[in-house]
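Text of input-v9.txt, listed as compact mmCIF, C-alpha atoms:
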# COMPACT_ATOMS: atom_id res chain seq x y z
CA MET A 121 22.14 -64.53 -57.04
CA SER A 122 18.98 -63.21 -55.45
CA ALA A 123 17.91 -64.38 -52.02
CA PRO A 124 15.30 -67.18 -51.99
CA ALA A 125 11.67 -66.15 -51.70
CA PHE A 126 9.86 -67.18 -48.52
CA PRO A 127 6.15 -67.44 -49.33
CA PRO A 128 3.75 -67.34 -46.36
CA LEU A 129 2.44 -70.65 -45.03
CA GLU A 130 -1.19 -69.87 -45.86
CA SER A 131 -0.31 -69.55 -49.58
CA LEU A 132 1.03 -73.10 -49.84
CA VAL A 133 -0.57 -76.36 -50.98
CA LEU A 134 0.64 -79.97 -50.99
CA VAL A 135 0.41 -81.74 -54.36
CA PRO A 136 1.78 -84.90 -56.02
CA ALA A 137 5.07 -84.11 -57.74
CA THR A 138 5.51 -83.90 -61.48
CA PRO A 139 8.36 -86.01 -62.99
CA GLY A 140 10.53 -82.89 -63.04
CA GLN A 141 9.80 -82.20 -59.38
CA VAL A 142 10.61 -85.82 -58.46
CA HIS A 143 14.00 -85.45 -60.16
CA GLN A 144 14.61 -82.14 -58.39
CA SER A 145 13.69 -83.66 -55.02
CA LEU A 146 16.42 -86.27 -55.51
CA LYS A 147 18.92 -83.58 -56.48
CA ASN A 148 18.02 -81.74 -53.28
CA SER A 149 18.43 -84.76 -51.00
CA HIS A 150 21.48 -86.40 -52.58
CA PRO A 151 24.13 -84.29 -50.78
CA HIS A 152 22.55 -85.21 -47.44
CA TRP A 153 21.49 -88.83 -47.96
CA GLY A 154 23.08 -90.28 -51.11
CA ALA A 155 26.54 -88.80 -50.53
CA ALA A 156 26.47 -90.08 -46.95
CA GLU A 157 26.27 -93.61 -48.42
CA LYS A 158 29.12 -92.79 -50.87
CA TYR A 159 26.76 -92.70 -53.85
CA THR A 160 27.35 -90.42 -56.79
CA PHE A 161 24.20 -88.58 -57.87
CA GLU A 162 23.84 -90.94 -60.86
CA GLN A 163 24.02 -94.00 -58.58
CA TYR A 164 21.59 -92.44 -56.11
CA LEU A 165 19.17 -91.57 -58.91
CA ASP A 166 19.43 -95.08 -60.35
CA ARG A 167 18.66 -96.62 -56.97
CA GLU A 168 15.67 -94.42 -56.23
CA VAL A 169 14.19 -94.81 -59.71
CA SER A 170 14.62 -98.59 -59.67
CA LEU A 171 13.12 -98.91 -56.17
CA ALA A 172 10.13 -96.78 -57.18
CA GLU A 173 9.38 -99.33 -59.91
CA LYS A 174 9.33 -102.33 -57.55
CA GLU A 175 6.10 -103.93 -56.39
CA HIS A 176 6.23 -102.36 -52.92
CA ALA A 177 6.00 -98.95 -54.62
CA GLY A 178 4.66 -98.60 -58.18
CA GLU A 179 1.13 -97.21 -58.06
CA ASN A 180 1.30 -97.20 -54.25
CA PHE A 181 4.13 -94.65 -54.25
CA THR A 182 3.76 -90.84 -54.37
CA THR A 183 6.26 -88.01 -54.04
CA TRP A 184 4.67 -84.85 -52.61
CA VAL A 185 5.89 -81.25 -52.87
CA LEU A 186 4.92 -78.11 -50.96
CA VAL A 187 4.33 -75.31 -53.46
CA PRO A 188 2.58 -71.93 -53.76
CA HIS A 189 -0.97 -72.46 -55.03
CA THR A 190 -0.19 -69.96 -57.78
CA ASP A 191 2.72 -72.04 -59.15
CA PRO A 192 2.11 -75.75 -58.43
CA GLN A 193 4.67 -77.03 -60.98
CA THR A 194 7.61 -74.93 -59.78
CA LEU A 195 10.96 -76.66 -59.28
CA SER A 196 11.65 -74.26 -56.41
CA PHE A 197 9.31 -76.07 -54.03
CA LEU A 198 9.66 -75.56 -50.29
CA ALA A 199 9.76 -79.17 -49.05
CA SER A 200 9.08 -82.72 -50.24
CA CYS A 201 8.18 -86.15 -48.87
CA GLU A 202 7.08 -89.60 -50.02
CA THR A 203 4.14 -91.84 -49.14
CA TYR A 204 3.55 -95.53 -49.71
CA ARG A 205 0.05 -96.96 -49.65
CA ARG A 206 0.40 -100.09 -47.55
CA PRO A 207 -1.43 -103.28 -48.61
CA SER A 208 -2.45 -106.02 -46.15
CA THR A 209 -3.37 -103.49 -43.48
CA HIS A 210 -5.99 -104.31 -40.85
CA ILE A 211 -7.59 -102.76 -37.77
CA GLN A 212 -9.58 -104.16 -34.85
CA LEU A 213 -12.14 -101.87 -33.24
CA PRO A 214 -14.04 -102.17 -29.96
CA SER A 215 -17.27 -102.39 -31.96
CA SER A 216 -15.93 -105.05 -34.37
CA PRO A 217 -13.08 -107.16 -32.96
CA SER A 218 -12.53 -109.16 -36.15
CA PRO A 219 -9.64 -107.75 -38.25
CA THR A 220 -10.98 -105.37 -40.92
CA PRO A 221 -9.00 -104.49 -44.07
CA VAL A 222 -8.25 -100.75 -44.34
CA THR A 223 -5.96 -98.34 -46.17
CA ALA A 224 -2.86 -96.98 -44.44
CA TYR A 225 0.25 -95.10 -45.53
CA GLY A 226 3.94 -95.11 -44.68
CA ILE A 227 5.72 -91.74 -44.84
CA ALA A 228 9.39 -91.35 -45.77
CA SER A 229 12.05 -89.00 -47.14
CA VAL A 230 10.78 -85.79 -45.56
CA PHE A 231 13.18 -83.10 -46.79
CA CYS A 232 13.47 -79.32 -46.62
CA PRO A 233 16.45 -77.62 -48.35
CA PRO A 234 18.85 -76.04 -45.81
CA ALA A 235 18.24 -72.47 -47.08
CA LEU A 236 14.50 -72.87 -46.37
CA ARG A 237 14.65 -74.41 -42.89
CA ARG A 238 13.47 -72.80 -39.65
CA ARG A 239 10.53 -71.19 -41.44
CA GLY A 240 7.91 -73.85 -40.73
CA TYR A 241 7.75 -75.32 -44.25
CA ALA A 242 8.41 -78.98 -43.39
CA GLN A 243 6.00 -78.83 -40.48
CA ARG A 244 3.35 -77.20 -42.68
CA MET A 245 3.85 -79.91 -45.31
CA LEU A 246 3.24 -82.67 -42.78
CA GLU A 247 0.22 -80.87 -41.31
CA LEU A 248 -1.23 -80.70 -44.83
CA LEU A 249 -0.30 -84.35 -45.40
CA HIS A 250 -2.59 -85.37 -42.52
CA TYR A 251 -5.43 -83.71 -44.46
CA ARG A 252 -4.45 -85.43 -47.72
CA LEU A 253 -4.44 -88.91 -46.17
CA ALA A 254 -7.23 -88.80 -43.59
CA PRO A 255 -10.91 -89.13 -44.53
CA PRO A 256 -12.70 -85.77 -44.77
CA GLY A 257 -14.14 -84.87 -41.41
CA SER A 258 -11.90 -87.18 -39.36
CA PRO A 259 -12.50 -86.15 -35.74
CA HIS A 260 -8.79 -86.42 -34.93
CA LEU A 261 -7.51 -83.79 -37.39
CA VAL A 262 -6.16 -80.56 -35.88
CA PRO A 263 -7.29 -77.31 -37.58
CA LEU A 264 -4.59 -75.71 -39.72
CA SER A 265 -3.11 -72.47 -38.45
CA PRO A 266 -2.99 -70.23 -40.35
CA PRO A 267 -5.90 -71.48 -42.50
CA PRO A 268 -4.90 -72.07 -46.14
CA GLU A 269 -5.94 -69.47 -48.69
CA ARG A 270 -6.84 -72.15 -51.23
CA ASP A 271 -6.67 -75.90 -51.79
CA VAL A 272 -5.97 -77.94 -54.92
CA PRO A 273 -8.12 -81.10 -55.09
CA VAL A 274 -6.15 -84.36 -55.29
CA LYS A 275 -7.88 -87.59 -56.31
CA GLY A 276 -7.16 -91.06 -54.95
CA PHE A 277 -6.41 -90.14 -51.34
CA GLY A 278 -8.38 -89.26 -48.20
CA ASP A 279 -9.19 -92.86 -47.26
CA ALA A 280 -6.57 -93.77 -44.64
CA ALA A 281 -7.38 -95.29 -41.27
CA PHE A 282 -3.87 -94.37 -40.08
CA SER A 283 -0.37 -93.47 -41.23
CA VAL A 284 3.08 -94.33 -39.86
CA LEU A 285 6.57 -92.86 -40.00
CA TYR A 286 9.99 -93.52 -38.43
CA SER A 287 11.64 -90.56 -36.73
CA ASP A 288 15.36 -89.89 -36.47
CA VAL A 289 14.72 -86.75 -34.39
CA GLY A 290 13.19 -88.27 -31.28
CA ARG A 291 9.55 -87.44 -30.59
CA TYR A 292 9.49 -84.28 -32.67
CA TYR A 293 6.71 -85.54 -34.96
CA GLU A 294 4.34 -86.11 -32.04
CA ARG A 295 3.52 -82.40 -32.14
CA VAL A 296 3.13 -81.91 -35.90
CA GLY A 297 -0.58 -81.47 -36.59
CA GLN A 298 -2.42 -84.18 -34.73
CA GLY A 299 0.98 -85.86 -34.36
CA TRP A 300 2.52 -89.29 -34.93
CA ARG A 301 2.55 -90.96 -31.51
CA THR A 302 5.80 -92.82 -30.77
CA THR A 303 5.34 -96.50 -29.99
CA GLY A 304 7.53 -99.58 -30.10
CA GLU A 305 11.10 -98.27 -29.78
CA ARG A 306 12.44 -101.42 -28.12
CA GLU A 307 15.00 -103.62 -29.86
CA VAL A 308 17.29 -106.53 -29.10
CA VAL A 309 20.96 -106.27 -30.10
CA TRP A 310 23.48 -109.06 -30.50
CA ASP A 311 27.13 -108.14 -31.01
CA VAL A 312 29.07 -110.25 -33.50
CA GLU A 313 32.72 -110.17 -32.49
CA ASP A 314 34.22 -113.63 -32.07
CA PRO A 315 34.17 -115.59 -35.38
CA SER A 316 33.85 -118.89 -33.52
CA GLU A 317 30.66 -117.70 -31.84
CA SER A 318 28.92 -117.16 -35.15
CA GLU A 319 29.58 -120.55 -36.69
CA PRO A 320 26.42 -122.67 -37.02
CA ASP A 321 26.30 -125.79 -34.88
CA LYS A 322 25.82 -129.24 -36.38
CA GLU A 323 22.37 -129.34 -34.81
CA ASP A 324 21.44 -126.38 -37.01
CA ALA A 325 21.81 -128.42 -40.19
CA ASP A 326 18.01 -128.68 -40.55
CA LEU A 327 17.72 -124.93 -41.08
CA GLU A 328 16.52 -124.46 -44.66
CA LEU A 329 17.98 -121.31 -46.14
CA VAL A 330 15.63 -118.95 -48.00
CA THR A 331 17.62 -117.94 -51.07
CA SER A 332 15.03 -116.83 -53.61
CA PRO A 333 12.14 -114.34 -53.61
CA GLU A 334 9.83 -117.12 -54.84
CA ALA A 335 10.27 -118.94 -51.52
CA LEU A 336 8.93 -115.95 -49.62
CA GLU A 337 5.41 -116.02 -51.04
CA PRO A 338 4.10 -119.29 -49.52
CA LEU A 339 5.97 -118.61 -46.27
CA LEU A 340 4.52 -115.12 -45.77
CA GLU A 341 1.06 -116.18 -46.97
CA ALA A 342 1.01 -118.73 -44.15
CA ASP A 343 2.39 -116.14 -41.71
CA HIS A 344 -0.27 -113.65 -42.84
CA ALA A 345 -3.07 -116.17 -42.26
CA ALA A 346 -1.69 -117.15 -38.86
CA LEU A 347 -1.43 -113.52 -37.74
CA LEU A 348 -5.03 -112.81 -38.77
CA ALA A 349 -6.21 -115.94 -36.94
CA SER A 350 -4.29 -114.88 -33.83
CA LEU A 351 -5.79 -111.39 -33.93
CA SER A 352 -9.31 -112.83 -34.37
CA ALA A 353 -8.80 -115.15 -31.41
CA ASN A 354 -7.56 -112.33 -29.19
CA PRO A 355 -9.79 -109.25 -29.59
CA PRO A 356 -8.54 -105.97 -28.11
CA PRO A 357 -9.54 -105.06 -24.54
CA PRO A 358 -12.71 -102.97 -24.17
CA GLY A 359 -12.24 -99.38 -25.28
CA SER A 360 -9.05 -100.07 -27.23
CA ALA A 361 -8.17 -100.83 -30.86
CA ARG A 362 -5.36 -102.47 -32.77
CA CYS A 363 -3.76 -101.93 -36.14
CA ALA A 364 -1.30 -104.02 -38.14
CA ILE A 365 0.62 -103.78 -41.39
CA LEU A 366 1.09 -107.45 -42.14
CA PRO A 367 4.20 -108.86 -43.84
CA THR A 368 4.11 -109.36 -47.61
CA PRO A 369 6.86 -110.39 -50.06
CA PRO A 370 7.13 -106.89 -51.63
CA LEU A 371 7.70 -105.33 -48.21
CA ALA A 372 10.32 -107.90 -47.27
CA LEU A 373 12.05 -107.62 -50.65
CA TYR A 374 12.31 -103.81 -50.60
CA LEU A 375 15.26 -103.81 -48.23
CA LEU A 376 16.83 -106.71 -50.13
CA HIS A 377 16.71 -104.66 -53.35
CA ARG A 378 18.20 -101.70 -51.50
CA SER A 379 21.13 -103.61 -49.98
CA THR A 380 21.78 -105.46 -53.26
CA HIS A 381 22.00 -102.16 -55.13
CA TYR A 382 24.41 -100.80 -52.52
CA ARG A 383 26.63 -103.90 -52.69
CA GLN A 384 26.76 -103.81 -56.49
CA ALA A 385 27.10 -100.04 -56.91
CA LEU A 386 30.00 -99.82 -54.48
CA LEU A 387 31.56 -103.08 -55.74
CA LEU A 388 31.65 -104.73 -52.34
CA SER A 389 33.37 -108.12 -52.51
CA LEU A 390 30.89 -110.01 -50.39
CA PRO A 391 28.94 -113.25 -50.86
CA VAL A 392 25.26 -112.92 -51.70
CA PRO A 393 23.49 -113.42 -48.36
CA PRO A 394 20.41 -115.60 -47.90
CA LEU A 395 17.08 -113.89 -47.23
CA GLY A 396 16.55 -115.93 -44.09
CA ALA A 397 15.91 -119.48 -42.94
CA ILE A 398 13.11 -121.88 -42.07
CA LEU A 399 13.34 -124.46 -39.29
CA ARG A 400 12.23 -127.85 -40.58
CA PRO A 401 10.67 -130.24 -39.86
CA SER A 402 8.06 -128.44 -37.80
CA SER A 403 4.64 -129.31 -36.42
CA THR A 404 3.42 -125.72 -36.79
CA THR A 405 2.11 -123.77 -39.79
CA PRO A 406 3.90 -121.65 -40.65
CA PRO A 407 7.12 -123.19 -39.33
CA PRO A 408 9.55 -121.14 -37.25
CA PHE A 409 11.48 -118.79 -39.54
CA ILE A 410 13.66 -115.70 -39.71
CA LEU A 411 14.02 -113.08 -42.45
CA PHE A 412 16.83 -110.53 -42.47
CA HIS A 413 18.79 -108.14 -44.63
CA PRO A 414 22.28 -106.58 -44.38
CA SER A 415 22.43 -102.83 -43.81
CA TYR A 416 25.99 -102.01 -44.76
CA SER A 417 25.67 -98.33 -43.85
CA GLU A 418 24.50 -99.29 -40.34
CA HIS A 419 27.02 -102.17 -40.06
CA THR A 420 24.09 -104.35 -38.97
CA LEU A 421 22.20 -107.45 -40.02
CA ILE A 422 18.58 -106.43 -39.50
CA ILE A 423 15.98 -109.06 -38.64
CA LEU A 424 12.89 -108.16 -40.63
CA ARG A 425 10.48 -110.81 -39.35
CA LEU A 426 10.89 -113.51 -36.71
CA ARG A 427 8.42 -116.29 -35.90
CA PHE A 428 9.06 -118.94 -33.28
CA SER A 429 7.30 -120.81 -30.49
CA HIS A 430 7.61 -119.12 -27.11
CA PHE A 431 7.39 -122.60 -25.62
CA ASN A 432 10.57 -123.68 -27.38
CA PRO A 433 13.45 -121.22 -26.80
CA ALA A 434 15.85 -123.58 -28.57
CA GLU A 435 14.11 -122.70 -31.86
CA LEU A 436 14.85 -119.04 -31.34
CA ALA A 437 18.46 -119.68 -30.34
CA ARG A 438 19.12 -121.63 -33.54
CA LEU A 439 17.62 -118.89 -35.73
CA VAL A 440 19.66 -116.21 -33.97
CA ARG A 441 22.88 -118.23 -34.29
CA LEU A 442 22.34 -118.42 -38.03
CA ALA A 443 21.74 -114.66 -38.19
CA LYS A 444 25.02 -114.03 -36.34
CA HIS A 445 26.84 -116.31 -38.76
CA VAL A 446 25.42 -114.46 -41.79
CA ALA A 447 26.31 -111.10 -40.20
CA ARG A 448 29.89 -112.25 -39.74
CA ALA A 449 30.11 -113.41 -43.37
CA GLN A 450 28.88 -109.97 -44.49
CA GLY A 451 31.42 -108.13 -42.38
CA LEU A 452 28.73 -106.74 -40.05
CA GLY A 453 29.23 -106.15 -36.36
CA ARG A 454 25.80 -106.78 -34.92
CA VAL A 455 22.31 -108.21 -35.37
CA THR A 456 19.12 -106.39 -34.33
CA ALA A 457 15.43 -107.26 -33.97
CA TRP A 458 12.53 -104.88 -33.25
CA ASN A 459 9.72 -105.32 -30.75
CA VAL A 460 9.93 -109.09 -30.42
CA ASP A 461 9.72 -110.79 -27.03
CA LEU A 462 13.02 -112.66 -26.96
CA GLN A 463 13.36 -113.18 -23.21
CA VAL A 464 13.36 -116.68 -21.78
CA GLU A 465 13.20 -116.80 -17.96
CA GLY A 466 14.26 -113.16 -17.85
CA GLU A 467 17.32 -113.56 -20.07
CA VAL A 468 17.64 -112.66 -23.76
CA VAL A 469 18.74 -115.69 -25.78
CA GLU A 470 22.21 -115.95 -27.27
CA GLY A 471 23.64 -113.08 -25.25
CA GLY A 472 21.43 -110.34 -26.67
CA ARG A 473 20.59 -107.17 -24.80
CA LEU A 474 17.43 -105.08 -24.68
CA GLU A 475 17.73 -101.42 -25.68
CA ASN A 476 15.42 -98.50 -26.37
CA ARG A 477 16.34 -96.87 -29.67
CA THR A 478 16.81 -93.12 -30.00
CA VAL A 479 16.58 -93.23 -33.82
CA HIS A 480 14.16 -94.88 -36.27
CA LEU A 481 11.33 -94.39 -33.76
CA PRO A 482 7.99 -95.72 -35.06
CA GLY A 483 5.14 -93.24 -34.91
CA ILE A 484 1.45 -93.64 -35.74
CA ALA A 485 -1.23 -91.08 -36.62
CA TRP A 486 -4.72 -92.51 -36.20
CA TYR A 487 -7.53 -91.08 -38.35
CA HIS A 488 -10.35 -93.63 -37.94
CA PRO A 489 -13.36 -92.43 -35.92
CA GLY A 490 -13.82 -95.82 -34.26
CA ALA A 491 -11.27 -95.24 -31.47
CA GLU A 492 -9.20 -92.55 -29.80
CA PRO A 493 -5.56 -92.34 -30.98
CA ARG A 494 -4.21 -92.93 -27.45
CA ASP A 495 -6.10 -96.24 -27.26
CA VAL A 496 -4.60 -97.78 -30.43
CA GLU A 497 -1.99 -100.54 -30.25
CA TRP A 498 0.25 -101.14 -33.28
CA VAL A 499 0.94 -104.87 -33.38
CA VAL A 500 3.57 -106.80 -35.38
CA ASN A 501 5.63 -103.61 -35.43
CA GLU A 502 8.77 -105.21 -36.83
CA ARG A 503 11.43 -103.91 -39.20
CA TYR A 504 9.91 -105.31 -42.43
CA VAL A 505 7.43 -102.39 -42.42
CA VAL A 506 10.12 -99.70 -42.76
CA LEU A 507 10.50 -97.98 -46.14
CA GLY A 508 12.49 -94.95 -45.01
CA TRP A 509 13.17 -92.50 -42.22
CA VAL A 510 12.26 -88.90 -41.47
CA GLY A 511 15.19 -87.07 -39.93
CA SER A 512 16.68 -83.74 -38.95
CA GLU A 513 16.39 -82.49 -42.57
CA ALA A 514 12.67 -82.02 -41.82
CA ARG A 515 12.92 -80.04 -38.61
CA ASP A 516 12.12 -76.36 -38.62
CA GLU A 517 13.57 -75.62 -35.18
Represent the structure contained in this file as structure tokens.
Amino acid sequence: MSAPAFPPLESLVLVPATPGQVHQSLKNSHPHWGAAEKYTFEQYLDREVSLAEKEHAGENFTTWVLVPHTDPQTLSFLASCETYRRPSTHIQLPSSPSPTPVTAYGIASVFCPPALRRRGYAQRMLELLHYRLAPPGSPHLVPLSPPPERDVPVKGFGDAAFSVLYSDVGRYYERVGQGWRTTGEREVVWDVEDPSESEPDKEDADLELVTSPEALEPLLEADHAALLASLSANPPPPGSARCAILPTPPLALYLLHRSTHYRQALLLSLPVPPLGAILRPSSTTPPPFILFHPSYSEHTLIILRLRFSHFNPAELARLVRLAKHVARAQGLGRVTAWNVDLQVEGEVVEGGRLENRTVHLPGIAWYHPGAEPRDVEWVVNERYVVLGWVGSEARDE
């Protein structure tokens, strides 16, 4: 077998993948990602194809490949990644503090085959991706070096105010092109060890379990409206800006579909978990609630979205107790929540502990001319936003 060709960086372009290239990208990544979750290739392919058809993806989903401009349909591409156009995205600017709808993208599944690593291909792909997503002439883009020999026009992109990714290799992506600035790596962790500790109390009987996707829509619509009202009532400080990817049912259901597929494909003998719970009766709209999903590969029940009154810590304690009970029933050893203020008088409720993650680090690249990237705050940065990680398979070092 001949050695692989290593085309120069300036000869490469980033284009949406053909169906054949999408299939090849999954073949490339399966030994590193699918096999790690004990999936056969057929199971891995079935999961990825079915998830790509869900509402969170569909027309919002694109697989990208890095190819020579002379052979854009080759199956021997140098690297690949995925983007998701994110609905319900808003920004607040110093010049216009009311939340403004914008386009943003989530980036996932950045992969470079092992034989092609350490040659700058994954980094070049992400540098080119900045140019695909950002508006032409964005003042925050970093010039490409070396300059590309040629470009291939791609329609339907170039309108993003910002993009986000989640790094499993620390702050590496901060220095790729203009960079994805790390922000919001804090989480709260509750260990679930003693079965008696995770049993719901009698006083928790008024927690209404969320067991169907249909129940999510009115709940998250009310949450969405309340978040926008809160942002409008609290404009950003002078000279700063905010951005938010607000919760929607498709985003919340993505991880449910993923964990359900895993449970069924690997024939796990576990009860079907609820999606979350609502605390009723309540005088607030929306009422206090919690949404979560089991990550069997991480041995963790992940809180996707958590709403409660900071003036009533008992509400939070009851929601967390339920989460610990569900985790125990699913055979999971801990519960986690991202970037939520869960301290009451200096102590985290229900025995939780604050940690700074070293994996799944949120990063944001800001393209909008209305503010400097360093002055942007990403609010409501909770786990429901995540659609995938970018890990060591993308590093060129």
May I ask which of the residues A:Leu264, A:Ala349, A:Ala437, A:Val274 is the closest one to Val135 in chain A, counting only C-alpha atoms?
A:Val274
Which distance in Å separates CA of Leu387 in chain A and CA of Gly154 in chain A, to one decimal?
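That distance, rounded to one decimal, is 16.0 Å.
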Contacts of Arg473 in chain A within 9 Å, all atoms listed in the file, excl. fewer than 4 positions in-chain, as a ChimeraX atom specification
/A:307-310,467-469
Set the distance at 8 Å and use only C-alpha atoms: which residues neighbour Trp184 in chain A once local chain neighbours fewer than 5 positions away are removed? I'd like the list as a list in words.
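My reading of the contact set: Leu134, Val135, Pro136, Ala137, Ser200, Cys201, Glu202 and Thr203 of chain A.
Distances here use all atoms listed in the file; by that measure, the residue among A:Phe412, A:Ser417, A:Leu327, A:Ser218 closest to Tyr159 in chain A is A:Ser417.
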Residues near Leu439 in chain A, anyone? I mean within 10 Å using all atoms listed in the file, not counting same-chain ones fewer than 5 positions away, as a count of residues only.
16
Ref. answer, residues at most 9 Å from (-14.1, -101.8, -31.3) with only C-alpha atoms, as a PyMOL selection string:
chain A and resi 212-218+355-362+490-491
Go ahead and write the selection's residues with C-alpha atoms as a short mmCIF file (atom, residue, chain, number, x, y, z; two decimals), in the coordinates of the input.
data_model
loop_
_atom_site.label_atom_id
_atom_site.label_comp_id
_atom_site.auth_asym_id
_atom_site.auth_seq_id
_atom_site.Cartn_x
_atom_site.Cartn_y
_atom_site.Cartn_z
CA GLN A 212 -9.58 -104.16 -34.85
CA LEU A 213 -12.14 -101.87 -33.24
CA PRO A 214 -14.04 -102.17 -29.96
CA SER A 215 -17.27 -102.39 -31.96
CA SER A 216 -15.93 -105.05 -34.37
CA PRO A 217 -13.08 -107.16 -32.96
CA SER A 218 -12.53 -109.16 -36.15
CA PRO A 355 -9.79 -109.25 -29.59
CA PRO A 356 -8.54 -105.97 -28.11
CA PRO A 357 -9.54 -105.06 -24.54
CA PRO A 358 -12.71 -102.97 -24.17
CA GLY A 359 -12.24 -99.38 -25.28
CA SER A 360 -9.05 -100.07 -27.23
CA ALA A 361 -8.17 -100.83 -30.86
CA ARG A 362 -5.36 -102.47 -32.77
CA GLY A 490 -13.82 -95.82 -34.26
CA ALA A 491 -11.27 -95.24 -31.47
#
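Shortest atom-to-atom contact with Pro268 in chain A among A:Gln384, A:Ser170, A:Ser131, A:Thr138: A:Ser131, counting only C-alpha atoms.
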Leaving out Thr478 in chain A and any residue of its chain fewer than 6 positions from it, which residues lie within 9 Å of it when counting all atoms listed in the file, given as an MDAnalysis selection string?
chainID A and resid 287:290 305
Please produce a file of the residues just selected, as a CSV table (one decimal), in the coordinates of the input, where the atoms kept are C-alpha atoms.
chain,number,residue,atom,x,y,z
A,287,SER,CA,11.6,-90.6,-36.7
A,288,ASP,CA,15.4,-89.9,-36.5
A,289,VAL,CA,14.7,-86.8,-34.4
A,290,GLY,CA,13.2,-88.3,-31.3
A,305,GLU,CA,11.1,-98.3,-29.8
Any chance you could model all heavy atoms for range 335-340 of chain A and send them as a PDB file, in the coordinates of the input?
ATOM      1  N   ALA A 335      10.512-118.174 -52.743  1.00  0.00           N
ATOM      2  CA  ALA A 335      10.270-118.940 -51.520  1.00  0.00           C
ATOM      3  C   ALA A 335       9.553-118.121 -50.461  1.00  0.00           C
ATOM      4  O   ALA A 335       8.987-118.679 -49.517  1.00  0.00           O
ATOM      5  CB  ALA A 335      11.598-119.461 -50.970  1.00  0.00           C
ATOM      6  N   LEU A 336       9.572-116.796 -50.623  1.00  0.00           N
ATOM      7  CA  LEU A 336       8.930-115.950 -49.620  1.00  0.00           C
ATOM      8  C   LEU A 336       7.414-116.004 -49.686  1.00  0.00           C
ATOM      9  O   LEU A 336       6.737-115.899 -48.660  1.00  0.00           O
ATOM     10  CB  LEU A 336       9.367-114.492 -49.814  1.00  0.00           C
ATOM     11  CG  LEU A 336      10.768-114.104 -49.359  1.00  0.00           C
ATOM     12  CD1 LEU A 336      11.012-112.647 -49.672  1.00  0.00           C
ATOM     13  CD2 LEU A 336      10.948-114.373 -47.876  1.00  0.00           C
ATOM     14  N   GLU A 337       6.863-116.145 -50.884  1.00  0.00           N
ATOM     15  CA  GLU A 337       5.410-116.020 -51.040  1.00  0.00           C
ATOM     16  C   GLU A 337       4.633-117.027 -50.215  1.00  0.00           C
ATOM     17  O   GLU A 337       3.766-116.641 -49.409  1.00  0.00           O
ATOM     18  CB  GLU A 337       5.027-116.100 -52.516  1.00  0.00           C
ATOM     19  CG  GLU A 337       3.569-115.759 -52.738  1.00  0.00           C
ATOM     20  CD  GLU A 337       3.279-115.397 -54.183  1.00  0.00           C
ATOM     21  OE1 GLU A 337       4.220-115.241 -54.977  1.00  0.00           O
ATOM     22  OE2 GLU A 337       2.088-115.268 -54.496  1.00  0.00           O
ATOM     23  N   PRO A 338       4.883-118.349 -50.344  1.00  0.00           N
ATOM     24  CA  PRO A 338       4.100-119.290 -49.520  1.00  0.00           C
ATOM     25  C   PRO A 338       4.374-119.128 -48.027  1.00  0.00           C
ATOM     26  O   PRO A 338       3.481-119.301 -47.202  1.00  0.00           O
ATOM     27  CB  PRO A 338       4.543-120.665 -50.034  1.00  0.00           C
ATOM     28  CG  PRO A 338       5.869-120.431 -50.692  1.00  0.00           C
ATOM     29  CD  PRO A 338       5.796-119.058 -51.258  1.00  0.00           C
ATOM     30  N   LEU A 339       5.620-118.778 -47.681  1.00  0.00           N
ATOM     31  CA  LEU A 339       5.970-118.610 -46.270  1.00  0.00           C
ATOM     32  C   LEU A 339       5.196-117.451 -45.652  1.00  0.00           C
ATOM     33  O   LEU A 339       4.579-117.575 -44.584  1.00  0.00           O
ATOM     34  CB  LEU A 339       7.470-118.381 -46.142  1.00  0.00           C
ATOM     35  CG  LEU A 339       8.015-118.229 -44.720  1.00  0.00           C
ATOM     36  CD1 LEU A 339       7.862-119.526 -43.955  1.00  0.00           C
ATOM     37  CD2 LEU A 339       9.473-117.792 -44.766  1.00  0.00           C
ATOM     38  N   LEU A 340       5.190-116.291 -46.331  1.00  0.00           N
ATOM     39  CA  LEU A 340       4.520-115.120 -45.770  1.00  0.00           C
ATOM     40  C   LEU A 340       3.005-115.206 -45.917  1.00  0.00           C
ATOM     41  O   LEU A 340       2.280-114.597 -45.132  1.00  0.00           O
ATOM     42  CB  LEU A 340       5.059-113.856 -46.425  1.00  0.00           C
ATOM     43  CG  LEU A 340       6.501-113.514 -46.036  1.00  0.00           C
ATOM     44  CD1 LEU A 340       6.956-112.220 -46.702  1.00  0.00           C
ATOM     45  CD2 LEU A 340       6.657-113.408 -44.531  1.00  0.00           C
TER      46      LEU A 340
END
